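Novice: Pasting a structure below so you can have a look.
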Amino acid sequence: MNDRISLELGDRSYAVHVGRGLTSQAGEFLAPLCGGIVPVVTDRNVASLHLERLMEAIRGRGLEPRPIVLEPGESSKTFQGLERLSDALLNCSLDRNSLIVAFGGGVVGDLAGLAAGLLKRGIAYAQIPTTLLAQVDSSIGGKTAINAPQGKNLIGLFHQPRIVISDIDLLSTLPRREFLSGYAEVAKYAALNSPEFFSWLELNAAAISDRDAAVLVPMVARCCRIKAAIVGQDEREAGTRTLLNLGHTFGHALEAATGYSDRLLHGEGVAIGMVLAFRLSARLGFSTKVDTERLERHLRAMSLPTTVSDIPGPNPSPEAILVHMSHDKKVRGGQIALVLVRGIGQAFTTSDVSIEAIRALLAA
Ligand SMILES: NC(=O)c1ccc[n+]([C@@H]2O[C@H](COP(=O)([O-])OP(=O)(O)OC[C@H]3O[C@@H](n4cnc5c(N)ncnc54)[C@H](O)[C@@H]3O)[C@@H](O)[C@H]2O)c1
Ligand SMILES: [Zn+2]
């Protein structure tokens, strides 16, 4: 039941492997891509749960794994974190044959990917994502970044991995809230691209929630296929790749308005943001209320928040949300670029929505 998706980017094409037990097979996948010392960047949580198995698999192929363990959490995605990691990596005597392994969630992947892109003007790297969000989203597509005081992910580059290995078994140790937050991105793929996938998710909601691997493997693979197809067409986000931002302009503004605190995880903001994007689409006559209600019902079934009032603590005001939306990097020429829908599975991008329409939506 394991699957292989290929992301077509000419001589930078790569495979995304999705399945069970892949950590133990990682040596087989990595050996053809490197030799000698293999730096393995991870975080403390992942290291304590899963690192030994990966180390063994790499050693088994005559390679020499060198773990570099970061502090978990977004605070590692800074210049200071990058400096520390670069220092540790350069001490591994990297050369043209080196391959850096990013073994963790989106934080580890983004930081290790950026370091790989910068050191010696570009070292190859592999993604072995360990969170649902990283398996369906951040490990694929080559976006790498750290945060700046001015905003998230503002310092980065495109650097595609050589391979992505998504072991579904790793998801069993993920805290439930992290798992569900990652699931919002899964629902996003269906909501933007495929009514049929959306129905499948509705049908399998209970098994997904129970993390039944028989369902998670095809679910993750499907998301990877959608993302790989979109990135293959538009690597640098000049067109179709912007569709992947469904729910994100609102979501990012909500994250910013709640101070990027644990009151609202990224996927939770995306869940609320998608419902807002669907509501706005219905208000503007592009889609129907029925679509919005269906999305909302499914997200609720998956224990995700769907309205601003679901956020614990004081609710961000419409004005505060609007201010943060206009700071988002998706603003073009003073207009807020939004992803709207013509129904489930039919997303499109527009910059034609007035601030007034967004204000009215948020006030409603
Ligand atoms: N590059 C991209 O295209 C892209 C896309 C989306 C998000 N991102 C970035 O991804 C980051 C968020 O990623 P994330 O949600 O994976 O967060 P994360 O990397 O912080 O991981 C979440 C938490 O789960 C822990 N963890 C990871 N794997 C685990 C496992 N298997 N079992 C138990 N605990 C585990 C981590 O230690 C951490 O505490 C953000 O910085 C975001 O900007 C990047
Ligand atoms: Zn996201």
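We label chains A, B, ... in the order they appear in the structure tokens, count residues from 1 in each chain, and number ligands from 1 in the order shown.
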Write out as a PyMOL selection string each polymer residue whose atoms come within 8 Å of Gly273 (chain A), counting only C-alpha atoms; drop sequence neighbours fewer than 5 positions from it.
Specialist: chain A and resi 246-251+306
Novice: Write out as an NGL selection string all residues of region 87-186 of chain A that DSSP puts in helix (DSSP H, G or I) for this structure's backbone.
Specialist: :A and (87-90 or 106-121 or 132-138 or 168-173 or 176-186)
Novice: Using only C-alpha atoms and all ligand atoms, which residues have at least one atom no more than 6 Å from ligand 1? Output them as a ChimeraX atom specification.
Specialist: /A:43,45-46,72-74,104-108,110,130-131,133-134,137-138,143-144,170-171,173-174
Novice: From the list A:His17, A:His266, A:Arg176, A:Arg300, which residue is nearest ligand 2 when using only C-alpha atoms and all ligand atoms?
Specialist: A:His266
Novice: Would you pick out the contacts of Phe348 (chain A) at 6 Å or less, using only C-alpha atoms, so that residues sharing its chain but fewer than 5 positions from it are not included, and give the list as a list in words?
Specialist: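 That gives Val339, Leu340 and Val341 of chain A.
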Novice: Identify, on the basis of only C-alpha atoms, every residue whose closest approach to region 111-125 of chain A does not exceed 9 Å; exclude the query and any residue fewer than 3 positions from it along the same chain; express the result as a PyMOL selection string.
Specialist: chain A and resi 33-34+41-42+76-78+81-83+85-86+89-90+94-102+106-108+142-146+156-163
Novice: Dump N, CA, C and O atoms for the selected residues as a compact mmCIF listing (two decimals), in the first residue's frame?
Specialist:
# COMPACT_ATOMS: atom_id res chain seq x y z
N LEU A 33 22.13 8.54 -2.90
CA LEU A 33 22.22 10.00 -3.04
C LEU A 33 23.41 10.61 -2.33
O LEU A 33 23.63 11.82 -2.42
N CYS A 34 24.16 9.81 -1.58
CA CYS A 34 25.24 10.42 -0.79
C CYS A 34 26.30 9.40 -0.39
O CYS A 34 26.20 8.23 -0.71
N VAL A 41 19.46 16.57 10.76
CA VAL A 41 18.95 17.68 11.56
C VAL A 41 17.57 17.29 12.08
O VAL A 41 16.71 16.85 11.32
N THR A 42 17.38 17.44 13.39
CA THR A 42 16.10 17.06 13.99
C THR A 42 15.83 17.97 15.18
O THR A 42 16.59 18.90 15.44
N SER A 76 13.34 28.34 16.75
CA SER A 76 14.58 27.91 16.08
C SER A 76 14.71 28.50 14.69
O SER A 76 15.80 28.50 14.11
N LYS A 77 13.60 29.01 14.14
CA LYS A 77 13.62 29.54 12.76
C LYS A 77 14.02 31.02 12.76
O LYS A 77 13.27 31.89 12.33
N THR A 78 15.23 31.30 13.28
CA THR A 78 15.74 32.67 13.36
C THR A 78 17.16 32.69 12.81
O THR A 78 17.76 31.63 12.57
N GLY A 81 19.29 30.74 15.07
CA GLY A 81 19.14 29.30 14.85
C GLY A 81 19.88 28.86 13.60
O GLY A 81 20.52 27.80 13.56
N LEU A 82 19.81 29.70 12.56
CA LEU A 82 20.49 29.39 11.30
C LEU A 82 22.00 29.38 11.49
O LEU A 82 22.71 28.52 10.96
N GLU A 83 22.48 30.35 12.29
CA GLU A 83 23.92 30.45 12.54
C GLU A 83 24.42 29.20 13.27
O GLU A 83 25.42 28.59 12.88
N LEU A 85 23.01 26.26 13.40
CA LEU A 85 22.92 25.06 12.56
C LEU A 85 24.02 25.05 11.51
O LEU A 85 24.64 24.01 11.26
N SER A 86 24.30 26.22 10.89
CA SER A 86 25.36 26.29 9.88
C SER A 86 26.69 25.85 10.48
O SER A 86 27.45 25.11 9.86
N LEU A 89 26.72 22.16 10.90
CA LEU A 89 26.80 21.47 9.61
C LEU A 89 28.20 21.58 9.01
O LEU A 89 28.75 20.61 8.47
N LEU A 90 28.79 22.78 9.10
CA LEU A 90 30.13 22.96 8.51
C LEU A 90 31.16 22.11 9.24
O LEU A 90 32.18 21.73 8.67
N LEU A 94 31.34 19.00 5.02
CA LEU A 94 30.47 18.81 3.87
C LEU A 94 31.26 18.94 2.57
O LEU A 94 32.17 19.76 2.47
N ASP A 95 30.92 18.13 1.60
CA ASP A 95 31.49 18.30 0.26
C ASP A 95 30.40 18.10 -0.78
O ASP A 95 29.22 18.00 -0.45
N ARG A 96 30.77 18.03 -2.05
CA ARG A 96 29.80 17.96 -3.14
C ARG A 96 28.88 16.73 -3.07
O ARG A 96 27.80 16.73 -3.61
N ASN A 97 29.37 15.69 -2.40
CA ASN A 97 28.58 14.46 -2.29
C ASN A 97 27.70 14.41 -1.05
O ASN A 97 27.00 13.43 -0.82
N SER A 98 27.79 15.48 -0.23
CA SER A 98 27.06 15.44 1.03
C SER A 98 25.57 15.58 0.80
O SER A 98 25.11 16.18 -0.18
N LEU A 99 24.82 15.03 1.75
CA LEU A 99 23.37 15.16 1.75
C LEU A 99 22.96 15.42 3.20
O LEU A 99 23.35 14.68 4.11
N ILE A 100 22.20 16.49 3.38
CA ILE A 100 21.71 16.82 4.72
C ILE A 100 20.31 16.23 4.85
O ILE A 100 19.49 16.36 3.94
N VAL A 101 20.04 15.58 5.97
CA VAL A 101 18.70 15.03 6.18
C VAL A 101 17.94 15.90 7.18
O VAL A 101 18.45 16.19 8.26
N ALA A 102 16.74 16.35 6.77
CA ALA A 102 15.87 17.11 7.67
C ALA A 102 14.83 16.14 8.22
O ALA A 102 13.98 15.65 7.48
N GLY A 106 7.77 21.02 10.14
CA GLY A 106 8.05 22.13 9.24
C GLY A 106 9.17 23.03 9.72
O GLY A 106 9.90 23.61 8.90
N VAL A 107 9.34 23.14 11.02
CA VAL A 107 10.41 24.00 11.55
C VAL A 107 11.77 23.43 11.14
O VAL A 107 12.61 24.14 10.57
N VAL A 108 11.98 22.17 11.41
CA VAL A 108 13.25 21.52 11.05
C VAL A 108 13.45 21.56 9.53
O VAL A 108 14.52 21.90 9.04
N GLY A 142 10.02 22.86 -1.99
CA GLY A 142 11.28 23.60 -1.98
C GLY A 142 11.27 24.97 -1.36
O GLY A 142 12.25 25.70 -1.47
N LYS A 143 10.18 25.37 -0.69
CA LYS A 143 10.23 26.66 0.00
C LYS A 143 10.95 26.47 1.33
O LYS A 143 10.59 25.57 2.11
N THR A 144 11.95 27.29 1.59
CA THR A 144 12.67 27.22 2.86
C THR A 144 12.73 28.62 3.44
O THR A 144 12.72 29.59 2.67
N ALA A 145 12.76 28.77 4.74
CA ALA A 145 12.79 30.13 5.32
C ALA A 145 13.01 30.13 6.82
O ALA A 145 12.79 29.13 7.50
N ILE A 146 13.46 31.31 7.28
CA ILE A 146 13.40 31.62 8.71
C ILE A 146 12.51 32.86 8.85
O ILE A 146 12.14 33.50 7.85
N GLY A 156 14.33 33.67 3.02
CA GLY A 156 14.41 32.29 2.57
C GLY A 156 14.73 32.17 1.11
O GLY A 156 14.98 33.16 0.42
N LEU A 157 14.72 30.95 0.63
CA LEU A 157 14.97 30.72 -0.79
C LEU A 157 14.28 29.44 -1.23
O LEU A 157 13.79 28.66 -0.40
N PHE A 158 14.22 29.27 -2.55
CA PHE A 158 13.71 28.02 -3.09
C PHE A 158 14.88 27.06 -3.23
O PHE A 158 15.87 27.38 -3.86
N HIS A 159 14.78 25.91 -2.60
CA HIS A 159 15.81 24.88 -2.74
C HIS A 159 15.09 23.55 -2.63
O HIS A 159 14.60 23.20 -1.56
N GLN A 160 14.98 22.84 -3.76
CA GLN A 160 14.21 21.59 -3.75
C GLN A 160 15.00 20.47 -3.10
O GLN A 160 16.21 20.35 -3.31
N PRO A 161 14.33 19.62 -2.31
CA PRO A 161 15.00 18.44 -1.77
C PRO A 161 15.29 17.43 -2.88
O PRO A 161 14.75 17.53 -3.97
N ARG A 162 16.13 16.46 -2.59
CA ARG A 162 16.42 15.39 -3.56
C ARG A 162 15.45 14.24 -3.44
O ARG A 162 15.25 13.46 -4.36
N ILE A 163 14.83 14.15 -2.28
CA ILE A 163 13.86 13.07 -2.03
C ILE A 163 13.03 13.45 -0.80
O ILE A 163 13.51 14.17 0.08
Novice: What's the 8 Å shell around Ser139 (chain A), counting only C-alpha atoms, without same-chain residues fewer than 4 positions away, as a ChimeraX atom specification?
Specialist: /A:106,109,127-129,134-135,164
Novice: Could you save the residues just selected, with all heavy atoms, as a PDB file, in the first residue's frame?
Specialist:
ATOM      1  N   GLY A 106       7.771  21.021  10.144  1.00  0.00           N
ATOM      2  CA  GLY A 106       8.050  22.125   9.235  1.00  0.00           C
ATOM      3  C   GLY A 106       9.174  23.028   9.717  1.00  0.00           C
ATOM      4  O   GLY A 106       9.897  23.609   8.900  1.00  0.00           O
ATOM      5  N   GLY A 109      12.393  21.249   8.778  1.00  0.00           N
ATOM      6  CA  GLY A 109      12.491  21.212   7.318  1.00  0.00           C
ATOM      7  C   GLY A 109      12.830  22.578   6.726  1.00  0.00           C
ATOM      8  O   GLY A 109      13.679  22.682   5.844  1.00  0.00           O
ATOM      9  N   GLN A 127      14.147  15.354   2.767  1.00  0.00           N
ATOM     10  CA  GLN A 127      13.136  15.637   3.784  1.00  0.00           C
ATOM     11  C   GLN A 127      12.563  14.315   4.293  1.00  0.00           C
ATOM     12  O   GLN A 127      12.082  13.501   3.491  1.00  0.00           O
ATOM     13  CB  GLN A 127      11.985  16.451   3.171  1.00  0.00           C
ATOM     14  CG  GLN A 127      12.336  17.873   2.784  1.00  0.00           C
ATOM     15  CD  GLN A 127      12.160  18.856   3.945  1.00  0.00           C
ATOM     16  OE1 GLN A 127      12.067  18.469   5.110  1.00  0.00           O
ATOM     17  NE2 GLN A 127      12.120  20.131   3.611  1.00  0.00           N
ATOM     18  N   ILE A 128      12.635  14.119   5.607  1.00  0.00           N
ATOM     19  CA  ILE A 128      11.909  13.005   6.222  1.00  0.00           C
ATOM     20  C   ILE A 128      10.951  13.636   7.240  1.00  0.00           C
ATOM     21  O   ILE A 128      11.282  13.791   8.420  1.00  0.00           O
ATOM     22  CB  ILE A 128      12.862  11.981   6.880  1.00  0.00           C
ATOM     23  CG1 ILE A 128      13.949  11.540   5.874  1.00  0.00           C
ATOM     24  CG2 ILE A 128      12.065  10.764   7.378  1.00  0.00           C
ATOM     25  CD1 ILE A 128      14.845  10.406   6.354  1.00  0.00           C
ATOM     26  N   PRO A 129       9.776  14.064   6.748  1.00  0.00           N
ATOM     27  CA  PRO A 129       8.853  14.831   7.587  1.00  0.00           C
ATOM     28  C   PRO A 129       8.160  13.971   8.638  1.00  0.00           C
ATOM     29  O   PRO A 129       7.803  12.821   8.367  1.00  0.00           O
ATOM     30  CB  PRO A 129       7.841  15.389   6.579  1.00  0.00           C
ATOM     31  CG  PRO A 129       7.896  14.459   5.413  1.00  0.00           C
ATOM     32  CD  PRO A 129       9.294  13.923   5.359  1.00  0.00           C
ATOM     33  N   ALA A 134       3.918  18.704   7.820  1.00  0.00           N
ATOM     34  CA  ALA A 134       5.143  18.599   7.023  1.00  0.00           C
ATOM     35  C   ALA A 134       4.994  17.539   5.932  1.00  0.00           C
ATOM     36  O   ALA A 134       5.475  17.722   4.814  1.00  0.00           O
ATOM     37  CB  ALA A 134       6.335  18.293   7.930  1.00  0.00           C
ATOM     38  N   GLN A 135       4.293  16.441   6.220  1.00  0.00           N
ATOM     39  CA  GLN A 135       4.153  15.379   5.212  1.00  0.00           C
ATOM     40  C   GLN A 135       3.289  15.821   4.036  1.00  0.00           C
ATOM     41  O   GLN A 135       3.553  15.439   2.899  1.00  0.00           O
ATOM     42  CB  GLN A 135       3.579  14.102   5.852  1.00  0.00           C
ATOM     43  CG  GLN A 135       4.550  13.498   6.863  1.00  0.00           C
ATOM     44  CD  GLN A 135       4.188  12.095   7.298  1.00  0.00           C
ATOM     45  OE1 GLN A 135       3.106  11.594   7.016  1.00  0.00           O
ATOM     46  NE2 GLN A 135       5.101  11.450   8.007  1.00  0.00           N
ATOM     47  N   VAL A 164      11.789  12.995  -0.767  1.00  0.00           N
ATOM     48  CA  VAL A 164      10.950  13.162   0.424  1.00  0.00           C
ATOM     49  C   VAL A 164      10.482  11.766   0.849  1.00  0.00           C
ATOM     50  O   VAL A 164      10.012  10.991   0.017  1.00  0.00           O
ATOM     51  CB  VAL A 164       9.723  14.063   0.136  1.00  0.00           C
ATOM     52  CG1 VAL A 164       8.864  14.227   1.396  1.00  0.00           C
ATOM     53  CG2 VAL A 164      10.156  15.427  -0.405  1.00  0.00           C
TER      54      VAL A 164
END
Novice: Go through A:His252, A:Arg236, A:His324, A:Arg359 and flag the residue nearest Gly141 (chain A), using only C-alpha atoms for the distances.
Specialist: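 So, comparing all the options, the nearest one is A:Arg236.
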Novice: Work out how far apart CA of Gly269 (chain A) and CA of Tyr183 (chain A) are and give it in Å to one decimal.
Specialist: 11.9 Å
Novice: Counting only C-alpha atoms, which of A:Asn204, A:Asn193, A:Ser209, A:Asn147 gets nearest to Cys223 (chain A)?
Specialist: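 Using only C-alpha atoms, Cys223 (chain A) sits closest to A:Asn193.
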Novice: Could you give me, as a list of chain:residue names, the residues within 7 Å of Leu9 (chain A), counting only C-alpha atoms and dropping anything in the same chain fewer than 3 positions from it?
Specialist: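 In the requested format, the answer is A:Arg12, A:Ser13, A:Gly232.
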Novice: How would the residues just chosen look if you wrote them out with N, CA and C atoms as a compact mmCIF listing (two decimals), in the first residue's frame?
Specialist:
# COMPACT_ATOMS: atom_id res chain seq x y z
N ARG A 12 15.76 18.62 -11.74
CA ARG A 12 15.60 18.71 -10.28
C ARG A 12 14.36 17.93 -9.81
N SER A 13 13.87 17.03 -10.65
CA SER A 13 12.71 16.22 -10.26
C SER A 13 13.06 15.32 -9.08
N GLY A 232 4.86 21.41 -9.78
CA GLY A 232 5.46 21.05 -11.07
C GLY A 232 5.09 22.05 -12.17
